[in-house]
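Colleague: One file: coords-v2.cif (mmCIF, C-alpha atoms).
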```
data_final
#
loop_
_atom_site.label_atom_id
_atom_site.label_comp_id
_atom_site.auth_asym_id
_atom_site.auth_seq_id
_atom_site.Cartn_x
_atom_site.Cartn_y
_atom_site.Cartn_z
CA GLU O 5 -2.24 -15.90 3.05
CA LYS O 6 0.68 -15.09 0.76
CA VAL O 7 -1.31 -14.06 -2.32
CA PRO O 8 -2.12 -10.49 -1.10
CA ILE O 9 1.59 -9.97 -0.26
CA ILE O 10 2.65 -11.21 -3.69
CA THR O 11 0.04 -9.01 -5.37
CA ALA O 12 1.22 -5.96 -3.41
CA LEU O 13 4.85 -6.56 -4.42
CA GLU O 14 3.85 -7.05 -8.07
CA GLU O 15 2.08 -3.69 -7.99
CA LYS O 16 5.02 -2.09 -6.18
CA TYR O 17 7.44 -3.35 -8.83
CA LEU O 18 5.18 -2.07 -11.59
CA GLY O 19 4.99 1.32 -9.87
CA ILE O 20 8.78 1.62 -9.58
CA THR O 21 9.51 0.61 -13.16
CA SER O 22 6.59 2.61 -14.60
CA LYS O 23 7.73 5.78 -12.84
CA TYR O 24 11.27 5.29 -14.16
CA SER O 25 10.05 4.58 -17.71
CA LYS O 26 7.67 7.54 -17.72
CA MET O 27 10.51 9.81 -16.63
CA LEU O 28 12.63 8.68 -19.60
CA ILE O 29 9.68 8.97 -22.01
CA GLU O 30 8.79 12.48 -20.85
CA ARG O 31 12.43 13.58 -21.05
CA ARG O 32 12.63 12.28 -24.61
CA ARG O 33 9.42 14.09 -25.54
CA GLN O 34 10.76 17.29 -23.99
CA ASP O 35 14.01 16.90 -25.95
CA ILE O 36 12.01 16.64 -29.18
CA ARG O 37 9.98 19.75 -28.27
CA ASP O 38 13.17 21.63 -27.45
CA GLN O 39 14.85 20.61 -30.71
CA ALA O 40 11.75 21.61 -32.69
CA LYS O 41 11.83 25.02 -30.96
CA GLU O 42 15.52 25.41 -31.81
CA ILE O 43 14.81 24.73 -35.49
CA ALA O 44 11.91 27.18 -35.44
CA ASP O 45 14.12 29.85 -33.85
CA ILE O 46 16.73 29.41 -36.60
CA LYS O 47 14.09 30.23 -39.24
CA ASN O 48 12.56 33.05 -37.21
CA VAL O 49 14.18 36.45 -37.68
CA LYS O 50 12.81 37.69 -34.38
CA LYS O 51 14.23 35.13 -31.98
CA SER O 52 12.64 34.77 -28.59
CA PRO O 53 14.94 35.18 -25.58
CA ASP O 54 16.74 32.01 -24.49
CA ASP O 55 14.90 29.95 -21.90
CA GLU O 56 17.31 28.97 -19.11
CA GLU O 57 15.60 25.62 -18.58
CA ARG O 58 15.75 24.84 -22.29
CA VAL O 59 19.44 25.78 -22.42
CA ARG O 60 20.14 23.52 -19.43
CA ARG O 61 18.26 20.62 -21.00
CA ALA O 62 20.16 21.11 -24.27
CA ALA O 63 23.49 21.02 -22.42
CA GLU O 64 22.48 17.82 -20.61
CA ARG O 65 21.27 16.26 -23.86
CA GLU O 66 24.54 17.05 -25.65
CA GLY O 67 26.49 15.76 -22.67
CA ARG O 68 24.70 12.40 -22.82
CA ARG O 69 25.19 12.26 -26.59
CA ASN O 70 28.92 12.93 -26.25
CA ARG O 71 29.30 10.22 -23.59
CA ARG O 72 27.54 7.70 -25.84
CA ARG O 73 29.82 8.72 -28.73
CA ARG O 74 32.94 8.19 -26.59
CA ASP O 75 31.62 4.78 -25.49
CA ARG O 76 31.11 3.79 -29.15
CA GLU O 77 34.63 4.96 -30.01
CA ARG O 78 36.04 2.94 -27.13
CA LEU O 79 34.16 -0.18 -28.33
CA ASN O 80 34.92 0.49 -32.03
CA MET O 81 31.20 0.71 -32.85
CA ASN O 82 31.16 3.98 -34.82
CA GLU O 83 31.25 2.27 -38.21
CA THR O 84 28.09 0.27 -37.51
CA HIS O 85 26.23 3.10 -35.75
CA ASN O 86 23.62 5.34 -37.39
CA ASP O 87 23.18 8.76 -35.82
CA GLY O 88 19.86 9.14 -34.04
CA MET O 89 19.39 5.40 -33.51
CA SER O 90 20.97 5.08 -30.06
CA SER O 91 18.84 4.83 -26.93
CA ASP O 92 19.01 7.78 -24.55
CA GLU O 93 18.44 6.09 -21.19
CA GLU O 94 21.22 7.70 -19.18
CA VAL O 95 20.06 9.29 -15.92
CA PRO O 96 21.87 11.17 -13.11
CA ASP O 97 23.64 8.92 -10.60
CA ILE O 98 21.35 10.02 -7.75
CA GLU O 99 18.17 9.03 -9.58
CA LEU O 100 19.72 5.80 -10.86
CA ASN O 101 20.85 4.83 -7.36
CA GLN O 102 17.40 5.54 -5.94
CA TYR O 103 15.85 3.36 -8.65
CA LYS O 104 18.28 0.50 -7.99
CA GLU O 105 17.85 0.77 -4.20
CA SER O 106 14.06 0.59 -4.55
CA LEU O 107 14.35 -2.56 -6.68
CA ALA O 108 16.89 -4.11 -4.31
CA GLN O 109 14.58 -3.50 -1.34
CA LEU O 110 11.64 -5.01 -3.21
CA LYS O 111 13.72 -8.07 -4.12
CA SER O 112 14.67 -8.54 -0.44
CA GLU O 113 11.01 -8.33 0.59
CA ALA O 114 10.07 -10.90 -2.07
CA GLU O 115 12.72 -13.35 -0.91
CA LEU O 116 11.30 -13.27 2.64
CA ILE O 117 7.67 -14.02 1.75
CA PHE O 118 7.88 -17.76 2.51
CA ASP O 119 10.48 -17.56 5.29
CA ASP O 120 7.90 -18.65 7.87
CA VAL O 121 6.83 -21.70 5.83
CA SER O 122 8.47 -25.12 5.98
CA GLU O 123 10.54 -26.13 2.96
CA GLU O 124 8.16 -28.89 1.84
CA TYR O 125 5.52 -26.22 1.19
CA THR O 126 7.79 -23.67 -0.47
CA GLU O 127 9.62 -25.82 -3.00
CA LEU O 128 7.42 -26.42 -6.03
CA SER O 129 9.15 -29.70 -6.85
CA LEU O 130 8.31 -31.09 -3.38
CA ILE O 131 4.70 -29.95 -3.61
CA LEU O 132 4.26 -31.52 -7.04
CA GLN O 133 5.88 -34.69 -5.76
CA LYS O 134 3.09 -35.12 -3.20
CA PHE O 135 0.41 -34.77 -5.88
CA ASN O 136 2.33 -37.04 -8.22
CA GLU O 137 2.40 -39.83 -5.61
CA TRP O 138 -1.37 -39.55 -5.25
CA LYS O 139 -1.74 -39.63 -9.04
CA LYS O 140 0.38 -42.78 -9.36
CA ASN O 141 -1.25 -44.61 -6.47
CA ASP O 142 -4.89 -43.82 -7.20
CA LEU O 143 -5.54 -42.12 -10.54
CA THR O 144 -9.31 -42.59 -10.27
CA ALA O 145 -9.53 -40.73 -6.94
CA TYR O 146 -7.11 -38.14 -8.33
CA LYS O 147 -9.44 -37.46 -11.27
CA ASP O 148 -12.58 -37.55 -9.10
CA ALA O 149 -11.04 -34.83 -6.89
CA TYR O 150 -10.50 -32.65 -10.01
CA ILE O 151 -6.84 -32.15 -9.10
CA HIS O 152 -6.04 -31.28 -12.71
CA LEU O 153 -8.24 -28.20 -12.20
CA CYS O 154 -6.92 -27.34 -8.74
CA LEU O 155 -3.22 -27.83 -9.51
CA PRO O 156 -2.76 -24.77 -11.77
CA LYS O 157 -4.28 -22.58 -9.04
CA ILE O 158 -1.84 -23.97 -6.48
CA VAL O 159 1.17 -23.72 -8.79
CA THR O 160 0.24 -20.18 -9.86
CA VAL O 161 1.06 -18.79 -6.40
CA PHE O 162 4.65 -20.01 -6.61
CA ILE O 163 5.10 -18.96 -10.24
CA ARG O 164 3.92 -15.44 -9.43
CA TRP O 165 6.29 -15.37 -6.46
CA LYS O 166 9.25 -16.32 -8.63
CA MET O 167 8.21 -13.85 -11.33
CA ILE O 168 7.52 -10.76 -9.21
CA MET O 169 10.43 -8.94 -10.88
CA TRP O 170 10.20 -10.74 -14.24
CA ASN O 171 10.09 -8.21 -17.07
CA PRO O 172 10.68 -9.03 -20.76
CA PHE O 173 11.58 -5.38 -21.44
CA ILE O 174 14.40 -5.10 -18.90
CA SER O 175 17.27 -7.46 -19.69
CA GLU O 176 18.50 -7.85 -16.09
CA HIS O 177 14.96 -8.76 -14.96
CA TYR O 178 14.26 -11.21 -17.75
CA GLU O 179 14.76 -14.98 -17.83
CA ASP O 180 13.52 -17.46 -20.41
CA ILE O 181 10.52 -19.28 -18.95
CA ASP O 182 11.87 -22.71 -19.87
CA LYS O 183 15.09 -21.95 -17.95
CA MET O 184 13.39 -21.08 -14.67
CA ASP O 185 13.73 -23.40 -11.66
CA CYS O 186 9.99 -23.98 -11.58
CA TYR O 187 9.69 -25.00 -15.24
CA HIS O 188 11.37 -28.42 -15.09
CA PRO O 189 9.22 -29.82 -12.22
CA MET O 190 6.08 -28.82 -14.13
CA ALA O 191 7.36 -30.21 -17.45
CA MET O 192 8.24 -33.52 -15.82
CA TYR O 193 5.12 -33.73 -13.66
CA GLY O 194 3.33 -37.06 -14.06
CA LYS O 195 6.02 -38.52 -16.34
CA ILE O 196 6.22 -42.30 -16.25
CA ASP O 197 8.56 -44.81 -17.83
CA ASN O 198 7.65 -46.13 -21.28
CA GLU O 199 5.00 -43.44 -21.69
CA THR O 200 3.25 -43.55 -25.05
CA GLU O 201 1.62 -40.77 -27.02
CA GLU O 202 -1.81 -42.26 -26.30
CA MET O 203 -1.09 -42.29 -22.56
CA LEU O 204 0.00 -38.68 -22.77
CA LYS O 205 -3.24 -37.71 -24.50
CA ASN O 206 -5.20 -39.20 -21.60
CA ASP O 207 -3.09 -37.45 -18.95
CA PRO O 208 -5.40 -34.95 -17.16
CA ASP O 209 -2.40 -32.70 -16.43
CA VAL O 210 -1.09 -32.46 -19.98
CA PHE O 211 -2.16 -28.79 -20.10
CA LEU O 212 -0.49 -27.78 -16.82
CA ILE O 213 2.14 -25.51 -18.40
CA PRO O 214 -0.23 -23.98 -21.00
CA SER O 215 -2.64 -23.22 -18.14
CA ILE O 216 0.12 -21.43 -16.22
CA VAL O 217 1.07 -19.43 -19.31
CA GLU O 218 -2.58 -18.47 -19.78
CA LYS O 219 -3.22 -17.61 -16.12
CA VAL O 220 0.10 -15.92 -15.23
CA ILE O 221 2.30 -14.99 -18.18
CA LEU O 222 -0.28 -13.59 -20.61
CA PRO O 223 -2.10 -11.44 -18.00
CA LYS O 224 1.28 -10.14 -16.86
CA LEU O 225 2.16 -9.12 -20.40
CA ASN O 226 -1.32 -7.82 -21.19
CA SER O 227 -2.16 -5.76 -18.12
CA LYS O 228 1.14 -4.87 -16.48
CA PHE O 229 3.32 -4.12 -19.49
CA ASN O 230 0.76 -2.87 -21.97
#
```
What is this structure when it is put down as structure tokens?

Modeller:
Amino acid sequence: EKVPIITALEEKYLGITSKYSKMLIERRRQDIRDQAKEIADIKNVKKSPDDEERVRRAAEREGRRNRRRRDRERLNMNETHNDGMSSDEEVPDIELNQYKESLAQLKSEAELIFDDVSEEYTELSLILQKFNEWKKNDLTAYKDAYIHLCLPKIVTVFIRWKMIMWNPFISEHYEDIDKMDCYHPMAMYGKIDNETEEMLKNDPDVFLIPSIVEKVILPKLNSKFN
């Protein structure tokens, strides 16, 4: 029941961030076109009349450049900076606030997805604990039920939920996978005392985390951020 909601929020997040990124990309392309036109006009004896929009964009571009220069001076970074290498991602406050408000609303919606579900079915550690008890008590039945094939599908729902706003290209939306709350329960799943390497090889769930990486992380990187 929750998968369509999670999918919709994933697509919504992608739409918000893609729109914002495309705006920055197009502005940068327009800046390059404008600067190329300015250089061409310098060489051209018969200059074309100034375009008001181009003049406005040039003023905004220089304003952003000057603000970045002042920030570098304040942080004593001028000596290590090479002109032309800084990132021009500054946007007007109105657009930035709209972007942040959209993300904040999406985050609130994501946090409420499992509000109508009891805790024992929303906490991944508690869910894995139930399967782990079955595995310890009756490994043969556990294998006969193909739980090692079903478990990644079950876990995937909760990983996708936690990673709706995960984005390796936006620092405030990125978190190392091995530092996430859901990583430790999966890494420790099925662990027993005095476990040997041979026992680990025969563990049907030894590929739980690689399966999650294959089913969730790689598709996210491949299709959503390509």

Colleague: Quote the spacing between atom CA of Tyr178 of chain O and atom CA of Glu94 of chain O in Å to one decimal place.

Modeller: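 If I compute the distance from atom CA of Tyr178 of chain O to atom CA of Glu94 of chain O, I get 20.2 Å.
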
Colleague: Using all atoms listed in the file - which residues lie no farther than 6 Å from the point (14.1, 20.8, -21.9) in the file's frame? Write them as a count of residues only.

Modeller: 5

Colleague: Atom CA of Asn206 of chain O and atom CA of Thr126 of chain O are how many Å apart?

Modeller: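 Interatomic distance, atom CA of Asn206 of chain O to atom CA of Thr126 of chain O: 29.3 Å.
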
Colleague: Do you have the atom CA of Thr160 of chain O-atom CA of Val220 of chain O distance handy?

Modeller: 6.9 Å

Colleague: Could you write out as a list of chain:residue names the residues that the PyMOL selection byres ((chain O and resi 166-176) around 8) matches in the shown file?

Modeller: O:Ile10, O:Leu13, O:Glu14, O:Tyr17, O:Lys111, O:Ala114, O:Phe162, O:Ile163, O:Arg164, O:Trp165, O:His177, O:Tyr178, O:Glu179

Colleague: Using all atoms listed in the file, which of the listed residues (O:Gln102, O:Ser112, O:His188, O:Arg65) sits closest to Lys23 of chain O?

Modeller: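 Result for the nearest residue to Lys23 of chain O: O:Gln102.
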
Colleague: Run through the PyMOL selection byres ((chain O and resi 146) around 12) on the given coordinates and return the selected residues as a ChimeraX atom specification.

Modeller: /O:134-145,147-155,194,207-209

Colleague: Counting all atoms listed in the file, what is within 12 Å of Met192 of chain O, bar same-chain residues fewer than 5 positions away, as a list in words?

Modeller: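 Final neighbour list, sorted by chain and number: Ser129, Leu132, Gln133, Asn136, Cys186, Tyr187, Asp197, Glu199, Leu204, Asp209, Val210, Leu212 and Ile213 of chain O.
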
Colleague: Dump C-alpha atoms for the selected residues as a PDB file, in the coordinates of the input?

Modeller:
```pdb
ATOM      1  CA  SER O 129       9.150 -29.700  -6.850  1.00  0.00           C
ATOM      2  CA  LEU O 132       4.260 -31.520  -7.040  1.00  0.00           C
ATOM      3  CA  GLN O 133       5.880 -34.690  -5.760  1.00  0.00           C
ATOM      4  CA  ASN O 136       2.330 -37.040  -8.220  1.00  0.00           C
ATOM      5  CA  CYS O 186       9.990 -23.980 -11.580  1.00  0.00           C
ATOM      6  CA  TYR O 187       9.690 -25.000 -15.240  1.00  0.00           C
ATOM      7  CA  ASP O 197       8.560 -44.810 -17.830  1.00  0.00           C
ATOM      8  CA  GLU O 199       5.000 -43.440 -21.690  1.00  0.00           C
ATOM      9  CA  LEU O 204       0.000 -38.680 -22.770  1.00  0.00           C
ATOM     10  CA  ASP O 209      -2.400 -32.700 -16.430  1.00  0.00           C
ATOM     11  CA  VAL O 210      -1.090 -32.460 -19.980  1.00  0.00           C
ATOM     12  CA  LEU O 212      -0.490 -27.780 -16.820  1.00  0.00           C
ATOM     13  CA  ILE O 213       2.140 -25.510 -18.400  1.00  0.00           C
TER      14      ILE O 213
END
```

Colleague: Smallest atom-to-atom distance to Thr21 of chain O: which of O:Arg69, O:Lys104, O:Lys219, O:Lys157, using only C-alpha atoms?

Modeller: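 Distance minimum relative to Thr21 of chain O lands on O:Lys104.
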
Colleague: Using all atoms listed in the file, determine which residues lie at most 10 Å from Ile131 of chain O, disregarding the query and same-chain residues fewer than 6 positions distant; provide the list as a compact mmCIF listing (two decimals) with C-alpha atoms, in the frame of the given file.

Modeller:
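Written output follows (selection_3.txt):
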```txt
# COMPACT_ATOMS: atom_id res chain seq x y z
CA GLU O 123 10.54 -26.13 2.96
CA GLU O 124 8.16 -28.89 1.84
CA TYR O 125 5.52 -26.22 1.19
CA ILE O 158 -1.84 -23.97 -6.48
CA VAL O 159 1.17 -23.72 -8.79
CA PRO O 189 9.22 -29.82 -12.22
```

Colleague: Which residue, O:Glu201, O:Glu115, O:Glu105, O:Glu66, has the smallest gap to Gln39 of chain O when you use all atoms listed in the file?

Modeller: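 The answer is O:Glu66, which sits nearest to Gln39 of chain O.
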
Colleague: For Ile221 of chain O, which of O:Ile181, O:Tyr193, O:Asp55, O:Ile29 is the closest residue, counting all atoms listed in the file?

Modeller: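 Nearest to Ile221 of chain O: O:Ile181.
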